[in-house]
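Novice: Here you go, target35.txt (compact mmCIF, C-alpha atoms):
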# COMPACT_ATOMS: atom_id res chain seq x y z
CA MET C 1 0.00 0.00 0.00
CA ASP C 2 1.52 3.35 -1.05
CA PHE C 3 1.65 6.46 1.14
CA ASN C 4 -1.43 8.07 -0.46
CA SER C 5 -3.52 4.98 0.19
CA ILE C 6 -2.38 4.84 3.81
CA PHE C 7 -3.11 8.55 4.22
CA LYS C 8 -6.66 8.11 2.89
CA VAL C 9 -7.38 5.52 5.57
CA PHE C 10 -6.81 8.17 8.25
CA LEU C 11 -8.69 10.98 6.55
CA PRO C 12 -11.81 12.04 8.52
CA LYS C 13 -15.04 10.93 6.89
CA ASP C 14 -16.53 14.41 7.23
CA ARG C 15 -19.03 13.87 4.50
CA VAL C 16 -20.37 10.71 6.11
CA PHE C 17 -20.92 12.21 9.56
CA PHE C 18 -22.33 15.50 8.32
CA GLN C 19 -24.66 13.77 5.88
CA LEU C 20 -25.97 11.47 8.61
CA PHE C 21 -26.52 14.32 11.07
CA GLU C 22 -28.26 16.40 8.41
CA GLU C 23 -30.58 13.49 7.56
CA VAL C 24 -31.41 12.98 11.23
CA ALA C 25 -32.13 16.69 11.74
CA GLU C 26 -34.36 16.73 8.66
CA HIS C 27 -36.33 13.74 9.93
CA VAL C 28 -36.72 15.33 13.36
CA TYR C 29 -38.09 18.43 11.67
CA GLN C 30 -40.50 16.32 9.59
CA MET C 31 -41.65 14.61 12.79
CA GLY C 32 -42.41 18.06 14.19
CA VAL C 33 -44.42 18.88 11.07
CA LYS C 34 -46.39 15.63 11.30
CA LEU C 35 -47.05 16.12 15.01
CA LYS C 36 -48.51 19.56 14.35
CA GLU C 37 -50.67 18.15 11.55
CA MET C 38 -51.78 15.38 13.90
CA VAL C 39 -52.96 17.71 16.68
CA ASN C 40 -54.82 19.83 14.12
CA GLU C 41 -56.68 16.77 12.79
CA PRO C 42 -60.15 16.29 14.36
CA ASP C 43 -60.63 12.80 12.93
CA GLU C 44 -59.27 10.06 15.21
CA ASP C 45 -58.53 7.60 12.39
CA LYS C 46 -56.59 10.23 10.46
CA ARG C 47 -54.63 11.07 13.60
CA ALA C 48 -53.66 7.39 13.80
CA ASN C 49 -52.30 7.68 10.27
CA TYR C 50 -50.12 10.62 11.29
CA LEU C 51 -48.89 8.57 14.24
CA ALA C 52 -47.83 5.81 11.81
CA GLN C 53 -45.90 8.36 9.74
CA ILE C 54 -44.17 9.72 12.85
CA GLU C 55 -43.33 6.18 13.95
CA ASN C 56 -41.79 5.44 10.56
CA LEU C 57 -39.62 8.58 10.74
CA GLU C 58 -38.54 7.63 14.25
CA HIS C 59 -37.49 4.15 13.09
CA ILE C 60 -35.51 5.65 10.20
CA ASN C 61 -33.74 7.94 12.66
CA ASP C 62 -32.91 4.97 14.88
CA ASP C 63 -31.15 3.37 11.90
CA LEU C 64 -29.32 6.61 11.06
CA THR C 65 -28.19 7.00 14.68
CA HIS C 66 -26.91 3.42 14.64
CA ASN C 67 -24.99 4.28 11.45
CA ILE C 68 -23.40 7.27 13.19
CA PHE C 69 -22.21 5.05 16.03
CA THR C 70 -20.92 2.49 13.51
CA GLU C 71 -18.94 5.18 11.67
CA LEU C 72 -17.64 6.44 14.99
CA GLY C 73 -16.18 3.04 15.73
CA ARG C 74 -14.86 2.62 12.21
CA ASN C 75 -13.03 5.94 11.80
CA PHE C 76 -9.83 6.78 13.61
CA ILE C 77 -10.07 10.50 12.78
CA THR C 78 -13.39 12.35 13.06
CA PRO C 79 -14.47 15.91 12.09
CA PHE C 80 -14.85 16.84 15.76
CA ASP C 81 -14.46 15.14 19.14
CA ARG C 82 -15.80 11.60 19.29
CA GLU C 83 -17.51 12.44 22.57
CA ASP C 84 -19.32 15.38 20.95
CA ILE C 85 -20.39 13.23 18.01
CA HIS C 86 -21.84 10.72 20.45
CA TYR C 87 -23.60 13.42 22.49
CA LEU C 88 -25.05 15.07 19.39
CA ALA C 89 -26.34 11.78 17.99
CA THR C 90 -27.86 10.81 21.33
CA SER C 91 -29.45 14.23 21.86
CA LEU C 92 -31.06 14.25 18.41
CA ASP C 93 -32.32 10.71 18.99
CA ASP C 94 -33.88 11.85 22.28
CA VAL C 95 -35.81 14.61 20.48
CA ALA C 96 -37.19 12.08 18.00
CA ASP C 97 -38.11 9.71 20.83
CA TYR C 98 -40.08 12.36 22.72
CA ILE C 99 -41.91 13.63 19.64
CA TYR C 100 -42.93 10.05 18.93
CA ALA C 101 -43.88 9.51 22.60
CA SER C 102 -46.09 12.62 22.49
CA ALA C 103 -47.92 11.37 19.42
CA LYS C 104 -48.35 7.92 20.98
CA LYS C 105 -49.85 9.32 24.17
CA ILE C 106 -52.33 11.50 22.28
CA ASN C 107 -53.41 8.45 20.29
CA PHE C 108 -53.38 5.95 23.17
CA TYR C 109 -55.33 8.14 25.58
CA LYS C 110 -57.81 9.07 22.84
CA ILE C 111 -57.60 12.70 23.94
CA ASN C 112 -59.06 15.35 21.68
CA PRO C 113 -55.94 17.42 20.93
CA ASN C 114 -58.02 20.54 20.29
CA ASP C 115 -56.43 22.04 23.37
CA THR C 116 -54.56 25.33 23.69
CA GLY C 117 -51.67 23.87 25.70
CA ILE C 118 -51.14 20.96 23.32
CA HIS C 119 -51.26 23.24 20.29
CA LYS C 120 -48.84 25.79 21.73
CA LEU C 121 -46.33 23.17 22.87
CA THR C 122 -46.54 21.40 19.54
CA GLU C 123 -45.88 24.66 17.70
CA LEU C 124 -42.84 25.29 19.91
CA ILE C 125 -41.51 21.80 19.14
CA LEU C 126 -41.90 22.51 15.43
CA GLN C 127 -40.10 25.86 15.74
CA GLY C 128 -37.35 24.26 17.80
CA SER C 129 -36.85 21.41 15.35
CA LEU C 130 -36.53 23.93 12.49
CA GLU C 131 -33.88 25.93 14.40
CA THR C 132 -32.10 22.67 15.23
CA LYS C 133 -32.00 21.80 11.55
CA THR C 134 -30.44 25.21 10.80
CA ALA C 135 -27.76 24.72 13.44
CA VAL C 136 -26.93 21.16 12.31
CA LEU C 137 -26.62 22.24 8.67
CA GLY C 138 -24.09 24.84 9.76
CA LEU C 139 -21.75 22.21 11.19
CA ARG C 140 -20.53 21.06 7.79
CA ASN C 141 -18.30 24.06 7.13
CA MET C 142 -18.73 26.38 10.14
CA LYS C 143 -18.89 29.35 7.78
CA ASN C 144 -22.09 30.89 9.10
CA ILE C 145 -21.61 30.96 12.84
CA LYS C 146 -24.07 33.85 13.23
CA ALA C 147 -26.93 31.84 11.73
CA MET C 148 -26.07 28.91 13.99
CA THR C 149 -25.81 31.14 17.06
CA ASP C 150 -29.10 32.89 16.24
CA ALA C 151 -30.77 29.48 15.93
CA MET C 152 -29.45 28.42 19.34
CA ILE C 153 -30.63 31.65 20.95
CA LYS C 154 -34.09 31.01 19.51
CA VAL C 155 -34.02 27.44 20.85
CA ASN C 156 -33.26 28.76 24.33
CA SER C 157 -36.18 31.17 24.07
CA ILE C 158 -38.44 28.38 22.81
CA GLU C 159 -37.55 26.19 25.78
CA ASN C 160 -38.32 29.03 28.19
CA GLN C 161 -41.66 29.63 26.47
CA ALA C 162 -42.46 25.93 26.70
CA ASP C 163 -41.87 26.01 30.47
CA ASP C 164 -44.34 28.89 30.78
CA VAL C 165 -46.92 27.19 28.54
CA PHE C 166 -46.62 24.00 30.56
CA ASP C 167 -47.18 25.81 33.87
CA MET C 168 -50.14 27.79 32.54
CA SER C 169 -51.67 24.70 30.92
CA ILE C 170 -51.47 22.73 34.18
CA GLU C 171 -53.01 25.61 36.10
CA LYS C 172 -55.83 25.94 33.58
CA LEU C 173 -56.37 22.18 33.53
CA PHE C 174 -56.94 21.97 37.29
CA GLU C 175 -59.19 25.01 37.22
CA GLN C 176 -61.45 23.92 34.36
CA GLU C 177 -61.40 20.11 34.19
CA ASN C 178 -63.45 18.00 36.61
CA ASP C 179 -62.73 14.57 35.17
CA PHE C 180 -59.73 13.23 37.09
CA LYS C 181 -58.83 10.76 34.32
CA VAL C 182 -58.68 13.56 31.76
CA ILE C 183 -56.50 15.59 34.12
CA ILE C 184 -54.01 12.73 34.43
CA LYS C 185 -53.95 12.07 30.68
CA LYS C 186 -53.54 15.69 29.62
CA ARG C 187 -50.90 16.35 32.26
CA GLU C 188 -48.83 13.46 30.90
CA ILE C 189 -49.19 14.76 27.34
CA TYR C 190 -48.15 18.28 28.38
CA GLN C 191 -45.19 16.83 30.24
CA VAL C 192 -43.88 14.75 27.33
CA LEU C 193 -44.30 17.66 24.91
CA GLU C 194 -42.40 19.96 27.26
CA ILE C 195 -39.60 17.41 27.68
CA ALA C 196 -39.24 17.34 23.89
CA THR C 197 -38.37 21.06 24.01
CA ASP C 198 -35.82 20.32 26.76
CA LYS C 199 -34.20 17.73 24.50
CA ILE C 200 -34.09 20.24 21.64
CA GLU C 201 -32.19 22.59 23.93
CA ASP C 202 -29.79 19.73 24.75
CA VAL C 203 -28.95 19.47 21.04
CA SER C 204 -28.31 23.21 20.96
CA ASN C 205 -25.96 22.93 23.94
CA VAL C 206 -23.91 20.22 22.24
CA ILE C 207 -23.62 22.29 19.06
CA GLU C 208 -22.57 25.32 21.13
CA THR C 209 -19.78 23.22 22.65
CA ILE C 210 -18.63 22.16 19.19
CA ILE C 211 -18.59 25.78 17.96
CA ILE C 212 -16.51 26.90 20.95
CA LYS C 213 -13.96 24.18 20.24
CA TYR C 214 -13.71 24.44 16.46
CA ALA C 215 -15.07 27.75 15.10
Take the structure in this file and express it as structure tokens.
Specialist:
Amino acid sequence: MDFNSIFKVFLPKDRVFFQLFEEVAEHVYQMGVKLKEMVNEPDEDKRANYLAQIENLEHINDDLTHNIFTELGRNFITPFDREDIHYLATSLDDVADYIYASAKKINFYKINPNDTGIHKLTELILQGSLETKTAVLGLRNMKNIKAMTDAMIKVNSIENQADDVFDMSIEKLFEQENDFKVIIKKREIYQVLEIATDKIEDVSNVIETIIIKYA
């Protein structure tokens, strides 16, 4: 094996990692879109169809995340710290998991999602997943740090808004709902939706760490 061939073995597979992360971020965003469409759908059977689409996207992301970990074990040199690659992959996977969990709970509990708290939290998840996609796309060349930073600032604001929406929704729920079963079900849905925004902020924090190290 000549020197050039040996050198190629140790070249970082930037394109592989960035492509995988970009695909995951796109699927997370699409899950946010489908979740919003689901909560705006009054027909229960049609909501079940949206759940199936979200589940499919979540399974695709599981495979992509597995591919990231496989590439991590296969490549000696990586575009940024192996630990950060692992954290970013795990954080994105958590967002997908909680979006899927939210959709499952809405479907399983047979709750009418025509609810202000559910709609507001779902909209915040969608906004956060879009900003996450922007930040992830910026990792490939680190040429537009401002756009990435702006996206992360928006994510932080979104997470703070989600906390407020959660608190107000719980307060309103206890004031206006008399059915204890409905209270339990809606509280769980609010909680999982709010956790999804926390996980989106976790992704932002990992990307911020990467920028500090490499920008």
Novice: I'd like to know which of C:Ile111, C:Met148, C:Val203, C:Ala135 is closest to Glu22 (chain C), using all atoms listed in the file.
Specialist: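 Of C:Ile111, C:Met148, C:Val203, C:Ala135, the one nearest Glu22 (chain C) is C:Ala135, counting all atoms listed in the file.
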Novice: Interatomic distance between CA of Val16 (chain C) and CA of Asp84 (chain C)?
Specialist: 15.6 Å
Novice: Using all atoms listed in the file for the distances, tell me which of C:Leu92, C:Leu137, C:Leu173, C:Ile200 is nearest to Gln19 (chain C).
Specialist: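 Nearest to Gln19 (chain C): C:Leu137.
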Novice: Neighbours of Lys154 (chain C) within 12 Å (all atoms listed in the file; same-chain residues fewer than 6 positions away dropped), as a list in words?
Specialist: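 Final neighbour list, sorted by chain and number: Leu124, Ile125, Gln127, Gly128, Ser129, Leu130, Glu131, Thr132, Thr134, Ala135, Ala147, Met148, Asn160, Gln161, Thr197, Ile200, Glu201 and Ser204 of chain C.
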Novice: Please identify all polymer residues lying at most 10 Å from the point (-16.5, 15.8, 16.3) (file coordinates), using all atoms listed in the file, and present the result as a list in words.
Specialist: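 Selection result: Pro12, Asp14, Phe17, Phe18, Leu72, Ile77, Thr78, Pro79, Phe80, Asp81, Arg82, Glu83, Asp84, Ile85, His86, Tyr87, Leu88, Leu139, Ile210, Lys213 and Tyr214 of chain C.
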Novice: Would you compute the distance between CA of Ile118 (chain C) and CA of Ala52 (chain C)? Give it in Å to one decimal.
Specialist: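 Computing it gives 19.3 Å between the two atoms.
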Novice: What separation in Å, quoted to one decimal, exists between CA of Ser91 (chain C) and CA of Lys199 (chain C)?
Specialist: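 Computing the Euclidean distance for CA of Ser91 (chain C) and CA of Lys199 (chain C) yields 6.5 Å.
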Novice: Looking at only C-alpha atoms, which of C:Glu123, C:Asp62, C:Glu188, C:Asp202 is the one that sits closest to Ser102 (chain C)?
Specialist: C:Glu188
Novice: Where's the centre, and what are the edge lengths in Å to one decimal, of a box along x, y and z enclosing all listed atoms of region 161-174 of chain C padded 5 Å per side, as JSON?
Specialist:
{"center_x": -49.3, "center_y": 25.8, "center_z": 31.9, "size_x": 25.3, "size_y": 17.7, "size_z": 20.8}
Novice: I need the residue nearest Asp164 (chain C) from this list: C:Leu121, C:Gly138, C:Phe21, C:Ile184. Use all atoms listed in the file for the distance.
Specialist: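 Of C:Leu121, C:Gly138, C:Phe21, C:Ile184, the one nearest Asp164 (chain C), counting all atoms listed in the file, is C:Leu121.
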Novice: Go through C:Asn178, C:Ser169, C:His119, C:Leu193 one by one, measure the shortest atom-to-atom distance of each to Asp97 (chain C) using only C-alpha atoms, and give the residue with the smallest value.
Specialist: C:Leu193
Novice: Pick the closest to Gly32 (chain C) from C:Tyr100, C:Phe76, C:Phe69, C:Phe174: which is it, counting only C-alpha atoms?
Specialist: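 Residue with the minimum atom-to-atom distance to Gly32 (chain C): C:Tyr100.
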Novice: Which neighbours of Tyr109 (chain C) fall inside 12 Å, counting all atoms listed in the file, when residues of the same chain fewer than 2 positions from it are skipped, and could you give them as JSON, numbers by chain?
Specialist: {"C": [44, 48, 101, 102, 103, 104, 105, 106, 107, 111, 112, 113, 181, 182, 183, 184, 185, 186, 187, 188, 189]}
Novice: Would you mind putting back N, CA and C atoms on region 19-49 of chain C, then writing it out as a tab-separated table (two decimals), in the coordinates of the input?
Specialist:
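Output contents, as saved in out_26.tsv:
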chain	number	residue	atom	x	y	z
C	19	GLN	N	-23.48	14.22	6.61
C	19	GLN	CA	-24.66	13.77	5.88
C	19	GLN	C	-25.64	13.06	6.82
C	20	LEU	N	-25.11	12.20	7.68
C	20	LEU	CA	-25.97	11.47	8.61
C	20	LEU	C	-26.67	12.42	9.58
C	21	PHE	N	-25.91	13.36	10.14
C	21	PHE	CA	-26.52	14.32	11.07
C	21	PHE	C	-27.58	15.17	10.38
C	22	GLU	N	-27.30	15.58	9.15
C	22	GLU	CA	-28.26	16.40	8.41
C	22	GLU	C	-29.54	15.61	8.11
C	23	GLU	N	-29.40	14.33	7.81
C	23	GLU	CA	-30.58	13.49	7.56
C	23	GLU	C	-31.40	13.33	8.84
C	24	VAL	N	-30.71	13.12	9.95
C	24	VAL	CA	-31.41	12.98	11.23
C	24	VAL	C	-32.16	14.26	11.57
C	25	ALA	N	-31.50	15.40	11.43
C	25	ALA	CA	-32.13	16.69	11.74
C	25	ALA	C	-33.34	16.96	10.85
C	26	GLU	N	-33.23	16.57	9.59
C	26	GLU	CA	-34.36	16.73	8.66
C	26	GLU	C	-35.54	15.86	9.09
C	27	HIS	N	-35.26	14.63	9.49
C	27	HIS	CA	-36.33	13.74	9.93
C	27	HIS	C	-36.97	14.22	11.23
C	28	VAL	N	-36.16	14.76	12.13
C	28	VAL	CA	-36.72	15.33	13.36
C	28	VAL	C	-37.66	16.48	13.03
C	29	TYR	N	-37.24	17.32	12.09
C	29	TYR	CA	-38.09	18.43	11.67
C	29	TYR	C	-39.40	17.91	11.06
C	30	GLN	N	-39.30	16.89	10.20
C	30	GLN	CA	-40.50	16.32	9.59
C	30	GLN	C	-41.42	15.70	10.64
C	31	MET	N	-40.84	15.13	11.69
C	31	MET	CA	-41.65	14.61	12.79
C	31	MET	C	-42.41	15.74	13.47
C	32	GLY	N	-41.74	16.89	13.63
C	32	GLY	CA	-42.41	18.06	14.19
C	32	GLY	C	-43.56	18.53	13.33
C	33	VAL	N	-43.35	18.50	12.01
C	33	VAL	CA	-44.42	18.88	11.07
C	33	VAL	C	-45.60	17.94	11.20
C	34	LYS	N	-45.32	16.63	11.22
C	34	LYS	CA	-46.39	15.63	11.30
C	34	LYS	C	-47.12	15.71	12.64
C	35	LEU	N	-46.39	16.00	13.71
C	35	LEU	CA	-47.05	16.12	15.01
C	35	LEU	C	-48.02	17.30	15.02
C	36	LYS	N	-47.60	18.41	14.41
C	36	LYS	CA	-48.51	19.56	14.35
C	36	LYS	C	-49.74	19.23	13.51
C	37	GLU	N	-49.54	18.54	12.39
C	37	GLU	CA	-50.67	18.15	11.55
C	37	GLU	C	-51.60	17.20	12.31
C	38	MET	N	-51.00	16.34	13.12
C	38	MET	CA	-51.78	15.38	13.90
C	38	MET	C	-52.69	16.08	14.91
C	39	VAL	N	-52.15	17.06	15.65
C	39	VAL	CA	-52.96	17.71	16.68
C	39	VAL	C	-54.00	18.65	16.08
C	40	ASN	N	-53.83	18.99	14.81
C	40	ASN	CA	-54.82	19.83	14.12
C	40	ASN	C	-55.88	18.99	13.40
C	41	GLU	N	-55.74	17.67	13.48
C	41	GLU	CA	-56.68	16.77	12.79
C	41	GLU	C	-57.79	16.32	13.75
C	42	PRO	N	-59.05	16.67	13.45
C	42	PRO	CA	-60.15	16.29	14.36
C	42	PRO	C	-60.55	14.82	14.26
C	43	ASP	N	-60.23	14.18	13.14
C	43	ASP	CA	-60.63	12.80	12.93
C	43	ASP	C	-59.64	11.83	13.58
C	44	GLU	N	-60.13	10.97	14.45
C	44	GLU	CA	-59.27	10.06	15.21
C	44	GLU	C	-58.52	9.08	14.31
C	45	ASP	N	-59.19	8.54	13.30
C	45	ASP	CA	-58.53	7.60	12.39
C	45	ASP	C	-57.41	8.27	11.60
C	46	LYS	N	-57.63	9.50	11.19
C	46	LYS	CA	-56.59	10.23	10.46
C	46	LYS	C	-55.41	10.57	11.38
C	47	ARG	N	-55.72	10.83	12.64
C	47	ARG	CA	-54.63	11.07	13.60
C	47	ARG	C	-53.77	9.81	13.75
C	48	ALA	N	-54.41	8.66	13.71
C	48	ALA	CA	-53.66	7.39	13.80
C	48	ALA	C	-52.73	7.23	12.61
C	49	ASN	N	-53.15	7.74	11.46
C	49	ASN	CA	-52.30	7.68	10.27
C	49	ASN	C	-51.07	8.58	10.43
